[in-house]
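Here is target_38.txt, consisting of compact mmCIF, C-alpha atoms:
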# COMPACT_ATOMS: atom_id res chain seq x y z
CA MET A 1 6.21 -17.67 3.10
CA LYS A 2 7.63 -19.56 0.16
CA LEU A 3 6.84 -18.95 -3.51
CA LYS A 4 8.11 -18.79 -7.09
CA ILE A 5 7.32 -15.97 -9.53
CA LEU A 6 8.70 -14.67 -12.85
CA GLN A 7 11.17 -11.80 -12.53
CA SER A 8 9.35 -9.75 -15.21
CA LYS A 9 6.04 -10.06 -13.37
CA LEU A 10 7.51 -9.15 -9.99
CA LYS A 11 9.36 -6.18 -11.49
CA LYS A 12 6.16 -4.88 -13.04
CA GLY A 13 4.32 -5.11 -9.74
CA LEU A 14 7.11 -3.37 -7.83
CA ASN A 15 7.22 -0.54 -10.39
CA ILE A 16 3.54 0.10 -9.67
CA VAL A 17 3.43 -0.02 -5.88
CA GLU A 18 6.77 1.60 -5.03
CA ARG A 19 5.59 4.91 -6.51
CA VAL A 20 3.73 5.93 -3.34
CA SER A 21 6.20 4.61 -0.78
CA ILE A 22 7.75 7.74 0.71
CA LYS A 23 10.75 8.75 2.76
CA SER A 24 9.35 9.57 6.18
CA LEU A 25 11.39 10.37 9.28
CA THR A 26 8.35 10.29 11.56
CA LEU A 27 6.90 7.08 10.07
CA PRO A 28 9.80 5.10 8.54
CA ILE A 29 7.49 2.13 7.92
CA LEU A 30 6.14 4.11 4.93
CA ASN A 31 9.49 3.60 3.18
CA ASN A 32 8.54 -0.07 2.79
CA ILE A 33 6.15 -2.31 0.94
CA LEU A 34 4.09 -5.17 2.34
CA ILE A 35 4.59 -8.53 0.61
CA LYS A 36 2.01 -11.29 1.05
CA ALA A 37 1.72 -14.79 -0.35
CA GLU A 38 -1.94 -15.81 -0.40
CA LYS A 39 -3.60 -18.70 -2.26
CA ASN A 40 -2.32 -18.44 -5.87
CA PHE A 41 -1.16 -14.82 -5.70
CA LEU A 42 1.69 -12.63 -4.60
CA ASN A 43 0.26 -9.37 -3.22
CA LEU A 44 2.31 -6.16 -2.95
CA SER A 45 1.02 -3.10 -1.05
CA SER A 46 2.27 0.42 -0.35
CA THR A 47 0.81 3.60 1.11
CA ASP A 48 1.65 7.19 2.03
CA LEU A 49 -1.47 7.33 4.29
CA GLU A 50 -3.35 9.34 1.63
CA ILE A 51 -3.03 6.90 -1.27
CA GLY A 52 -2.83 3.12 -1.03
CA ILE A 53 -1.88 0.80 -3.91
CA LYS A 54 -2.24 -2.96 -4.06
CA TRP A 55 -1.03 -5.28 -6.84
CA TRP A 56 -1.63 -9.01 -7.35
CA GLY A 57 0.34 -11.37 -9.59
CA LEU A 58 -0.09 -15.08 -10.17
CA ALA A 59 2.62 -17.09 -8.45
CA LYS A 60 3.36 -20.66 -7.36
CA ILE A 61 2.68 -20.51 -3.63
CA GLU A 62 4.16 -23.25 -1.48
CA LYS A 63 3.61 -21.53 1.85
CA GLU A 64 1.59 -18.44 2.73
CA GLY A 65 3.07 -15.60 4.75
CA ALA A 66 3.93 -11.90 4.84
CA ILE A 67 6.81 -9.52 5.44
CA VAL A 68 7.53 -5.79 5.13
CA ILE A 69 10.59 -4.92 3.01
CA PRO A 70 12.37 -1.62 2.11
CA ALA A 71 10.81 -0.63 -1.21
CA LYS A 72 13.78 0.93 -2.98
CA VAL A 73 16.30 -1.80 -2.13
CA PHE A 74 13.96 -4.63 -3.11
CA SER A 75 12.81 -2.97 -6.34
CA ASN A 76 16.33 -2.06 -7.45
CA PHE A 77 17.64 -5.54 -6.75
CA VAL A 78 14.84 -7.30 -8.64
CA GLY A 79 15.39 -4.91 -11.55
CA PHE A 80 18.99 -6.12 -11.89
CA LEU A 81 18.03 -9.81 -12.00
CA PRO A 82 17.75 -11.69 -15.32
CA GLU A 83 14.32 -12.60 -16.69
CA GLU A 84 13.90 -15.98 -15.05
CA PRO A 85 11.90 -17.46 -12.17
CA ILE A 86 12.64 -16.07 -8.71
CA ASN A 87 12.18 -17.90 -5.41
CA LEU A 88 11.12 -15.89 -2.36
CA LYS A 89 10.98 -17.18 1.21
CA ILE A 90 11.04 -15.82 4.74
CA GLU A 91 13.40 -16.94 7.47
CA ASN A 92 13.76 -15.12 10.81
CA GLN A 93 12.12 -11.91 9.58
CA THR A 94 14.43 -11.88 6.53
CA LEU A 95 13.40 -12.16 2.88
CA ILE A 96 15.60 -14.58 0.95
CA ILE A 97 15.64 -14.02 -2.83
CA GLU A 98 17.09 -16.72 -5.06
CA SER A 99 17.36 -17.32 -8.79
CA GLU A 100 19.63 -19.56 -10.85
CA LYS A 101 22.80 -17.52 -10.24
CA TYR A 102 21.78 -15.06 -7.53
CA SER A 103 21.05 -15.28 -3.83
CA THR A 104 20.53 -12.42 -1.40
CA GLN A 105 18.91 -11.59 1.91
CA ILE A 106 17.01 -8.43 2.82
CA LYS A 107 16.11 -7.74 6.43
CA GLY A 108 12.43 -7.06 6.87
CA PHE A 109 9.88 -5.97 9.46
CA ASN A 110 6.81 -7.39 11.13
CA PRO A 111 3.83 -7.06 8.76
CA GLU A 112 1.62 -6.07 11.69
CA GLU A 113 3.52 -2.76 11.83
CA PHE A 114 2.41 -1.82 8.30
CA PRO A 115 -0.52 0.64 8.11
CA ILE A 116 -3.87 -0.89 7.21
CA ILE A 117 -4.99 0.18 3.72
CA PRO A 118 -8.76 0.71 3.95
CA GLN A 119 -11.20 -1.06 1.66
CA ILE A 120 -14.52 0.17 0.30
CA THR A 121 -16.92 -2.71 0.83
CA THR A 122 -20.28 -0.94 0.53
CA GLY A 123 -21.80 1.66 -1.77
CA GLU A 124 -22.16 1.97 -5.53
CA SER A 125 -19.63 1.16 -8.22
CA ILE A 126 -19.32 1.70 -11.97
CA ILE A 127 -17.21 0.19 -14.78
CA ILE A 128 -15.79 2.45 -17.51
CA ASN A 129 -13.13 2.36 -20.23
CA SER A 130 -9.79 3.00 -18.54
CA LEU A 131 -8.01 4.46 -21.58
CA SER A 132 -10.60 7.14 -22.40
CA PHE A 133 -10.96 7.99 -18.70
CA CYS A 134 -7.21 8.45 -18.28
CA GLN A 135 -6.88 10.42 -21.51
CA GLY A 136 -9.61 12.79 -20.36
CA LEU A 137 -8.07 13.15 -16.91
CA ASN A 138 -4.69 13.87 -18.48
CA GLN A 139 -6.12 16.96 -20.22
CA VAL A 140 -6.65 18.77 -16.89
CA VAL A 141 -4.38 17.05 -14.33
CA GLN A 142 -1.50 19.55 -14.56
CA ILE A 143 -3.65 22.61 -13.87
CA PRO A 144 -4.15 22.62 -10.06
CA ILE A 145 -1.64 24.00 -7.59
CA LEU A 146 -1.34 23.22 -3.88
CA SER A 147 -3.24 25.77 -1.82
CA SER A 148 -3.55 25.61 1.96
CA ALA A 149 -5.96 28.55 1.89
CA ARG A 150 -8.24 26.87 -0.69
CA PRO A 151 -7.54 23.13 -0.55
CA GLU A 152 -10.53 22.36 -2.77
CA ILE A 153 -8.74 23.79 -5.84
CA SER A 154 -5.68 21.63 -5.11
CA GLY A 155 -7.49 18.64 -6.59
CA ILE A 156 -9.49 17.45 -9.58
CA TYR A 157 -13.26 17.81 -9.46
CA PHE A 158 -15.40 14.95 -10.79
CA SER A 159 -19.11 14.84 -11.46
CA PHE A 160 -20.41 11.35 -12.27
CA GLN A 161 -23.81 11.50 -13.95
CA LYS A 162 -25.93 8.91 -15.76
CA ASP A 163 -24.45 9.44 -19.23
CA LEU A 164 -21.69 11.98 -18.57
CA ILE A 165 -18.53 12.38 -16.51
CA LYS A 166 -17.20 15.91 -15.97
CA ILE A 167 -13.54 16.34 -15.01
CA VAL A 168 -12.53 19.86 -13.94
CA ALA A 169 -9.39 21.57 -12.61
CA THR A 170 -8.41 25.16 -11.85
CA ASP A 171 -5.66 27.23 -10.23
CA SER A 172 -7.77 30.44 -10.14
CA PHE A 173 -6.02 31.83 -13.23
CA ARG A 174 -7.20 29.15 -15.67
CA LEU A 175 -9.65 26.28 -15.73
CA GLY A 176 -10.04 23.16 -17.84
CA GLU A 177 -13.17 21.05 -18.20
CA LYS A 178 -13.27 17.68 -19.96
CA ARG A 179 -16.58 15.96 -20.62
CA LEU A 180 -16.72 12.23 -21.25
CA PHE A 181 -19.94 11.41 -23.07
CA LEU A 182 -20.83 7.80 -22.33
CA LYS A 183 -22.37 5.43 -24.88
CA GLU A 184 -24.10 3.49 -22.12
CA ALA A 185 -25.73 5.02 -19.05
CA LEU A 186 -23.99 4.40 -15.74
CA PRO A 187 -25.95 2.25 -13.27
CA LEU A 188 -26.06 4.98 -10.63
CA HIS A 189 -28.90 5.62 -8.19
CA GLN A 190 -27.55 9.13 -7.60
CA GLU A 191 -24.99 11.55 -9.00
CA TYR A 192 -21.59 11.69 -7.33
CA SER A 193 -19.47 14.84 -7.02
CA LEU A 194 -16.03 14.64 -5.44
CA ILE A 195 -12.57 16.24 -5.34
CA LEU A 196 -9.62 13.90 -5.91
CA PRO A 197 -6.09 14.97 -4.84
CA GLN A 198 -3.85 15.80 -7.78
CA LYS A 199 -1.23 13.23 -6.75
CA ALA A 200 -3.80 10.45 -6.83
CA ALA A 201 -5.03 11.61 -10.24
CA LYS A 202 -1.48 11.46 -11.63
CA GLU A 203 -1.00 7.94 -10.26
CA ILE A 204 -4.26 6.81 -11.87
CA ILE A 205 -2.94 8.00 -15.24
CA ASN A 206 0.43 6.32 -14.69
CA ILE A 207 -1.09 3.00 -13.64
CA PHE A 208 -4.26 2.55 -15.68
CA SER A 209 -3.54 4.28 -19.01
CA GLU A 210 -1.10 1.74 -20.46
CA LYS A 211 -3.62 -0.18 -22.55
CA GLU A 212 -7.27 -0.74 -23.33
CA GLY A 213 -9.33 -2.28 -20.58
CA LYS A 214 -11.91 -1.55 -17.95
CA ILE A 215 -11.59 0.24 -14.65
CA LYS A 216 -14.03 -0.20 -11.80
CA ILE A 217 -14.70 2.76 -9.51
CA TYR A 218 -16.11 2.32 -6.01
CA PHE A 219 -17.63 5.34 -4.23
CA SER A 220 -17.74 6.14 -0.52
CA THR A 221 -18.18 9.23 1.64
CA ASN A 222 -14.53 10.25 2.02
CA GLN A 223 -12.62 7.80 -0.20
CA ILE A 224 -12.65 6.40 -3.73
CA LEU A 225 -11.27 3.13 -5.08
CA PHE A 226 -10.06 2.43 -8.65
CA GLU A 227 -9.62 -1.21 -9.64
CA SER A 228 -8.55 -3.24 -12.65
CA SER A 229 -8.95 -7.03 -12.84
CA ILE A 230 -6.70 -9.84 -13.95
CA ARG A 231 -7.67 -10.74 -17.51
CA GLU A 232 -10.51 -13.26 -17.78
CA THR A 233 -10.92 -13.44 -13.99
CA PRO A 234 -12.88 -11.36 -11.47
CA HIS A 235 -9.83 -11.14 -9.20
CA PRO A 236 -8.33 -7.64 -8.77
CA LYS A 237 -5.00 -6.93 -10.44
CA ILE A 238 -4.45 -3.38 -9.19
CA GLN A 239 -6.31 -1.31 -6.62
CA LEU A 240 -5.69 2.35 -5.90
CA ILE A 241 -7.58 3.89 -3.01
CA SER A 242 -7.39 7.58 -2.22
CA ARG A 243 -8.82 9.93 0.32
CA LEU A 244 -10.98 12.76 -1.03
CA ILE A 245 -10.52 16.48 -0.42
CA GLU A 246 -13.25 17.90 1.78
CA GLY A 247 -15.04 21.08 0.84
CA GLU A 248 -17.21 22.56 -1.89
CA TYR A 249 -15.74 23.03 -5.34
CA PRO A 250 -16.25 26.54 -6.78
CA ASP A 251 -19.28 27.10 -9.00
CA TYR A 252 -17.00 27.14 -12.02
CA GLN A 253 -19.81 27.15 -14.59
CA ALA A 254 -20.77 30.66 -13.45
CA ILE A 255 -17.31 31.86 -14.51
CA PHE A 256 -17.72 30.89 -18.17
CA PRO A 257 -18.91 33.84 -20.27
CA LYS A 258 -22.30 33.27 -21.88
CA LYS A 259 -21.12 35.02 -25.06
CA SER A 260 -17.88 36.49 -26.35
CA GLU A 261 -17.02 39.96 -27.65
CA THR A 262 -14.47 38.61 -30.13
CA GLN A 263 -14.20 35.16 -31.68
CA ILE A 264 -11.17 33.93 -33.61
CA ILE A 265 -10.60 30.63 -35.42
CA LEU A 266 -6.91 29.76 -35.82
CA LYS A 267 -4.62 26.92 -36.87
CA LYS A 268 -3.54 25.36 -33.56
CA ASN A 269 0.04 24.52 -34.49
CA GLU A 270 0.68 27.94 -36.05
CA LEU A 271 -0.52 29.66 -32.88
CA LEU A 272 1.55 27.30 -30.73
CA ASN A 273 4.73 27.95 -32.72
CA GLN A 274 4.32 31.71 -32.61
CA LEU A 275 3.62 31.71 -28.87
CA ARG A 276 6.70 29.59 -28.24
CA THR A 277 8.81 31.99 -30.28
CA ALA A 278 7.28 35.01 -28.54
CA SER A 279 8.08 33.42 -25.17
CA LEU A 280 11.80 33.89 -25.87
CA PHE A 281 11.30 37.66 -25.51
CA ALA A 282 8.62 37.65 -22.82
CA SER A 283 8.95 39.72 -19.66
CA LYS A 284 9.33 38.30 -16.17
CA MET A 285 5.52 38.12 -16.02
CA ASN A 286 5.59 35.75 -19.04
CA GLU A 287 3.49 38.35 -20.82
CA VAL A 288 2.57 38.06 -24.48
CA LYS A 289 0.17 40.53 -26.15
CA LEU A 290 -2.40 39.67 -28.79
CA LYS A 291 -3.99 42.36 -30.95
CA THR A 292 -6.69 41.73 -33.56
CA ASP A 293 -7.01 43.41 -36.94
CA ILE A 294 -10.43 42.47 -38.31
CA LYS A 295 -9.95 44.21 -41.68
CA LYS A 296 -6.77 42.27 -42.42
CA GLY A 297 -8.07 39.10 -40.77
CA GLU A 298 -4.99 38.63 -38.64
CA ILE A 299 -3.65 38.73 -35.09
CA GLU A 300 -0.47 40.46 -34.06
CA ILE A 301 1.54 38.62 -31.40
CA PHE A 302 3.94 40.82 -29.48
CA SER A 303 6.37 40.31 -26.59
CA GLN A 304 9.04 42.55 -25.10
CA ASN A 305 11.89 42.12 -22.67
CA PRO A 306 13.94 45.22 -21.73
CA ASP A 307 17.09 43.13 -21.45
CA LEU A 308 16.68 41.14 -24.67
CA GLY A 309 14.55 42.99 -27.20
CA GLU A 310 11.13 42.47 -28.69
CA TYR A 311 9.19 40.17 -31.00
CA HIS A 312 6.39 40.79 -33.53
CA SER A 313 4.55 38.25 -35.67
CA PHE A 314 1.24 38.04 -37.51
CA LEU A 315 -1.14 35.12 -37.75
CA SER A 316 -4.07 34.83 -40.15
CA GLY A 317 -7.45 33.73 -38.84
CA LYS A 318 -11.20 34.14 -39.05
CA ILE A 319 -12.12 37.03 -36.75
CA ASN A 320 -15.59 38.19 -35.73
CA GLY A 321 -16.64 40.84 -33.21
CA LYS A 322 -14.78 43.73 -31.62
CA GLU A 323 -11.16 44.74 -32.05
CA VAL A 324 -9.19 43.81 -28.94
CA GLU A 325 -5.72 44.06 -27.46
CA VAL A 326 -5.14 41.68 -24.56
CA SER A 327 -2.19 40.18 -22.66
CA PHE A 328 -1.76 36.61 -21.40
CA ASN A 329 0.73 34.48 -19.57
CA TYR A 330 2.09 32.53 -22.55
CA ARG A 331 2.55 29.38 -20.43
CA PHE A 332 -1.17 29.21 -19.74
CA LEU A 333 -2.05 29.56 -23.43
CA ILE A 334 0.48 26.91 -24.48
CA ASP A 335 -0.76 24.46 -21.83
CA GLY A 336 -4.32 24.86 -23.03
CA LEU A 337 -3.42 24.44 -26.70
CA LEU A 338 -1.38 21.29 -26.02
CA ASN A 339 -4.48 19.63 -24.58
CA ILE A 340 -6.60 20.41 -27.62
CA LYS A 341 -6.63 17.59 -30.16
CA SER A 342 -8.16 19.34 -33.20
CA SER A 343 -6.09 21.09 -35.90
CA GLU A 344 -8.08 24.32 -35.48
CA VAL A 345 -9.06 26.14 -32.30
CA ILE A 346 -11.70 28.67 -31.36
CA PHE A 347 -10.37 31.54 -29.24
CA GLU A 348 -13.09 33.63 -27.58
CA LEU A 349 -11.99 36.95 -26.04
CA ASN A 350 -13.82 39.34 -23.73
CA GLY A 351 -11.81 42.53 -23.64
CA GLU A 352 -8.67 43.29 -21.66
CA GLU A 353 -9.88 41.82 -18.37
CA GLY A 354 -12.68 39.36 -19.11
CA PRO A 355 -12.16 35.59 -19.14
CA SER A 356 -11.13 34.09 -22.47
CA VAL A 357 -11.94 30.61 -23.74
CA LEU A 358 -9.98 28.17 -25.89
CA LYS A 359 -11.76 25.15 -27.35
CA PRO A 360 -11.39 22.72 -30.26
CA VAL A 361 -13.42 23.23 -33.42
CA ALA A 362 -16.40 20.83 -33.64
CA ASP A 363 -15.60 19.14 -30.31
CA PRO A 364 -17.76 20.07 -27.29
CA SER A 365 -15.92 17.73 -24.93
CA TYR A 366 -13.10 20.09 -23.89
CA VAL A 367 -12.98 23.75 -22.93
CA TYR A 368 -10.16 25.80 -21.41
CA LEU A 369 -10.72 29.14 -19.72
CA VAL A 370 -7.82 31.54 -19.08
CA MET A 371 -7.73 34.95 -17.41
CA PRO A 372 -5.78 37.78 -19.09
CA ILE A 373 -3.01 39.71 -17.39
CA LYS A 374 -4.71 42.90 -16.26
CA PRO A 375 -3.24 46.08 -17.73
CA SER A 376 -1.10 48.00 -15.22

Here is the file; what I need is its structure written in the form of C-alpha cells.
Amino acid sequence: MKLKILQSKLKKGLNIVERVSIKSLTLPILNNILIKAEKNFLNLSSTDLEIGIKWWGLAKIEKEGAIVIPAKVFSNFVGFLPEEPINLKIENQTLIIESEKYSTQIKGFNPEEFPIIPQITTGESIIINSLSFCQGLNQVVQIPILSSARPEISGIYFSFQKDLIKIVATDSFRLGEKRLFLKEALPLHQEYSLILPQKAAKEIINIFSEKEGKIKIYFSTNQILFESSIRETPHPKIQLISRLIEGEYPDYQAIFPKKSETQIILKKNELLNQLRTASLFASKMNEVKLKTDIKKGEIEIFSQNPDLGEYHSFLSGKINGKEVEVSFNYRFLIDGLLNIKSSEVIFELNGEEGPSVLKPVADPSYVYLVMPIKPS
C-alpha cells in the first residue's frame, strides 16, 4: 500500500470510525481499525461485532493494500500532525507515516485477522433527510436503559410506513414517541418494524447529524445499514451497519390514555425553571409534587428533603378538569420538557397513579408519557 491524503481528511475519517473500536481482552483485534487503499479511495473500518463503521475518503493511490493498526495510537498521532498532505505506506507489516517534517512507524497486523463487517446486498432501501431523521431520533434516544430481562426495551423502536416514520423509546417508567411526517411517500412494498440498539442509535446521531444531506437505509432480517454518499457521486462516504434486537416491542399505544382527567397548558421554560429549583430540595426518590388549583388557575410545585428543607412555588396556567395532587420523578419531567420545541406545553394528568402525558402545543409529532410516583 502506498498513498497520499490530506491530514484534515484522514483525521475526520479516524474520528468517525474509532468510536466503535473497543478495548477487548478476549478479542484484542477489536482495538484496531482496518486501513485499505483501493482504486481512488482510502477506506477505514472498525467494529465491536455489533456495530460496524466504514469510511471512504478520496486519496492519491499509488499502490493498493491493507493493514490493521491500533486505533487510538494512529488517531492520536494523526491528530497532532499539521494540516498538510500525509504519505502512508506499508513495509513488513508496518505502517509508515510521513509528512514534511514528521516520520513514524506503527506496527500493524494481518488484515485477514480483522472481523468481516457484513454487507446488506438484497432487500429494500429508502432515502430520507439525515438532519430531520437524526433530530427526531435525538428526542427519544436517551430514554432506554439496558435490561437483560427485557432486551427489547433496551433499544429504539422504529416503524417505517409509506408516509410516516415512528421512533419510540421507553424504560417502563416513561415513553417518548416521535413521528416524522414525510412529504413524499417512501417506496416500500411493505412496512418495516425493528428495534435498534441504543448505542447504534447514538452513533447514527453523532455521525449523520452534522449537516443537511440524505441518508440511505437498507433493511434486512436481523441487520440494518445506514449510508451517506460522497457529494455528487454514488460512492458511499460512510456506512454504519448494526445488528437488530430480537423480540416483540411492547404494544405501547395501548398505554396511552384515550382521554385525560385534568389538562393544563403551561409555559415550558417557566415549568422547567421551577422543576429545576424544586429538584434542589427533592427527596432521595427525586420526588416533586404538583397540585392544581382550578379556581386560581395555578399549580403548586412542592418538594421536601428532611435533611435540607422544603420548597414551594406557584405557576399560572390554563387548567381544565379535576383537581389533582400527583408526584413525579423530576428528572423524568425535565427530560421530557427538554425535548419539546414549542414555548407552551400541554400536560395531561390522570390522577395519582394514571399515566400522564406531556406534548407540545399545536405539534402532533412528539408525545412523552410519564408514570407518577405511586403514593406510599

Once you count all atoms listed in the file, what closest atom pair and distance in Å to one decimal does each residue of region 83-108 of chain A within 12 Å of region 43-61 of chain A have, with rows by chain and rising residue number, as JSON lines?
{"residue": "A:Pro85", "atom": "CA", "partner": "A:Ala59", "partner_atom": "CA", "distance": 10.0}
{"residue": "A:Ile86", "atom": "CA", "partner": "A:Ala59", "partner_atom": "CA", "distance": 10.1}
{"residue": "A:Asn87", "atom": "CA", "partner": "A:Lys60", "partner_atom": "CA", "distance": 9.4}
{"residue": "A:Leu88", "atom": "CA", "partner": "A:Ile61", "partner_atom": "CA", "distance": 9.7}
{"residue": "A:Lys89", "atom": "CA", "partner": "A:Ile61", "partner_atom": "CA", "distance": 10.2}

Mind working out the centre and edge lengths of an axis-aligned box for region 35-45 of chain A, all listed atoms inside, 5 Å added to each side, rounded to one decimal in Å and written as AutoDock Vina command-line options?
--center_x 0.5 --center_y -10.9 --center_z -2.4 --size_x 18.2 --size_y 25.6 --size_z 16.9

> Could you pull the residues within 12 Å of Tyr330 (chain A), counting all atoms listed in the file, minus those fewer than 3 positions along the same chain, as number ranges by chain?
Replying inline: A: 271-290, 301-303, 326-327, 333-337, 370-373

With C-alpha atoms kept, could you save the residues just selected as a tab-separated table (two decimals), in the frame of the given file?
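Listed below is the output, out_3.tsv:
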chain	number	residue	atom	x	y	z
A	271	LEU	CA	-0.52	29.66	-32.88
A	272	LEU	CA	1.55	27.30	-30.73
A	273	ASN	CA	4.73	27.95	-32.72
A	274	GLN	CA	4.32	31.71	-32.61
A	275	LEU	CA	3.62	31.71	-28.87
A	276	ARG	CA	6.70	29.59	-28.24
A	277	THR	CA	8.81	31.99	-30.28
A	278	ALA	CA	7.28	35.01	-28.54
A	279	SER	CA	8.08	33.42	-25.17
A	280	LEU	CA	11.80	33.89	-25.87
A	281	PHE	CA	11.30	37.66	-25.51
A	282	ALA	CA	8.62	37.65	-22.82
A	283	SER	CA	8.95	39.72	-19.66
A	284	LYS	CA	9.33	38.30	-16.17
A	285	MET	CA	5.52	38.12	-16.02
A	286	ASN	CA	5.59	35.75	-19.04
A	287	GLU	CA	3.49	38.35	-20.82
A	288	VAL	CA	2.57	38.06	-24.48
A	289	LYS	CA	0.17	40.53	-26.15
A	290	LEU	CA	-2.40	39.67	-28.79
A	301	ILE	CA	1.54	38.62	-31.40
A	302	PHE	CA	3.94	40.82	-29.48
A	303	SER	CA	6.37	40.31	-26.59
A	326	VAL	CA	-5.14	41.68	-24.56
A	327	SER	CA	-2.19	40.18	-22.66
A	333	LEU	CA	-2.05	29.56	-23.43
A	334	ILE	CA	0.48	26.91	-24.48
A	335	ASP	CA	-0.76	24.46	-21.83
A	336	GLY	CA	-4.32	24.86	-23.03
A	337	LEU	CA	-3.42	24.44	-26.70
A	370	VAL	CA	-7.82	31.54	-19.08
A	371	MET	CA	-7.73	34.95	-17.41
A	372	PRO	CA	-5.78	37.78	-19.09
A	373	ILE	CA	-3.01	39.71	-17.39

>> Please list as a PyMOL selection string every residue within 8 Å of Leu244 (chain A), counting all atoms listed in the file and excluding residues in the same chain fewer than 5 positions away.
In response: chain A and resi 194-197+222-224

> Which one of A:Leu188, A:Val324, A:Ile143, A:Ile67 sits closest to Ile35 (chain A) if you count all atoms listed in the file?
Replying inline: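 Selected residue with least distance to Ile35 (chain A): A:Ile67.
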
> Interatomic distance between CA of Gln161 (chain A) and CA of His189 (chain A)?
Replying inline: 9.7 Å

>> Would you pick out the contacts of Ser342 (chain A) at 7 Å or less, using all atoms listed in the file, so that residues sharing its chain but fewer than 2 positions from it are not included, and give the list as a list in words?
In response: Ile340, Glu344, Val345, Pro360 and Val361 of chain A

> Pick from A:Asn110, A:Ser365, A:Ser229, A:Ser172: nearest to Leu34 (chain A), with all atoms listed in the file counted?
Replying inline: A:Asn110

>> What's the separation between CA of Glu177 (chain A) and CA of Glu348 (chain A), in Å to one decimal place?
In response: 15.7 Å

>> Report, in Å with one decimal, the straight-line distance from CA of Tyr368 (chain A) to CA of Leu175 (chain A).
In response: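 Straight-line distance from CA of Tyr368 (chain A) to CA of Leu175 (chain A) works out to 5.7 Å.
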
> Neighbours of Ile245 (chain A) within 12 Å (only C-alpha atoms; same-chain residues fewer than 3 positions away dropped), as an MDAnalysis selection string?
Replying inline: chainID A and resid 50 146:148 150:158 193:200 221:224 242 248:249

> Quick one: residues within 10 Å of Ile255 (chain A), all atoms listed in the file counted, chain neighbours fewer than 2 positions away excluded, as a count of residues only?
Replying inline: 10

>> Between A:Val357, A:Asn129, A:Glu310, A:Pro364, which residue has the minimum interatomic distance to Phe226 (chain A), considering only C-alpha atoms?
In response: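 Selected residue with least distance to Phe226 (chain A): A:Asn129.
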
> Using only C-alpha atoms, can you list as a list in words the residues within 10 Å of (4.3, -17.3, 3.6)?
Replying inline: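 Counting only C-alpha atoms, I find these residues within 10 Å of (4.3, -17.3, 3.6): Met1, Lys2, Leu3, Ile35, Lys36, Ala37, Glu38, Lys39, Leu42, Ile61, Glu62, Lys63, Glu64, Gly65, Ala66, Ile67, Leu88, Lys89, Ile90 and Glu91 of chain A.
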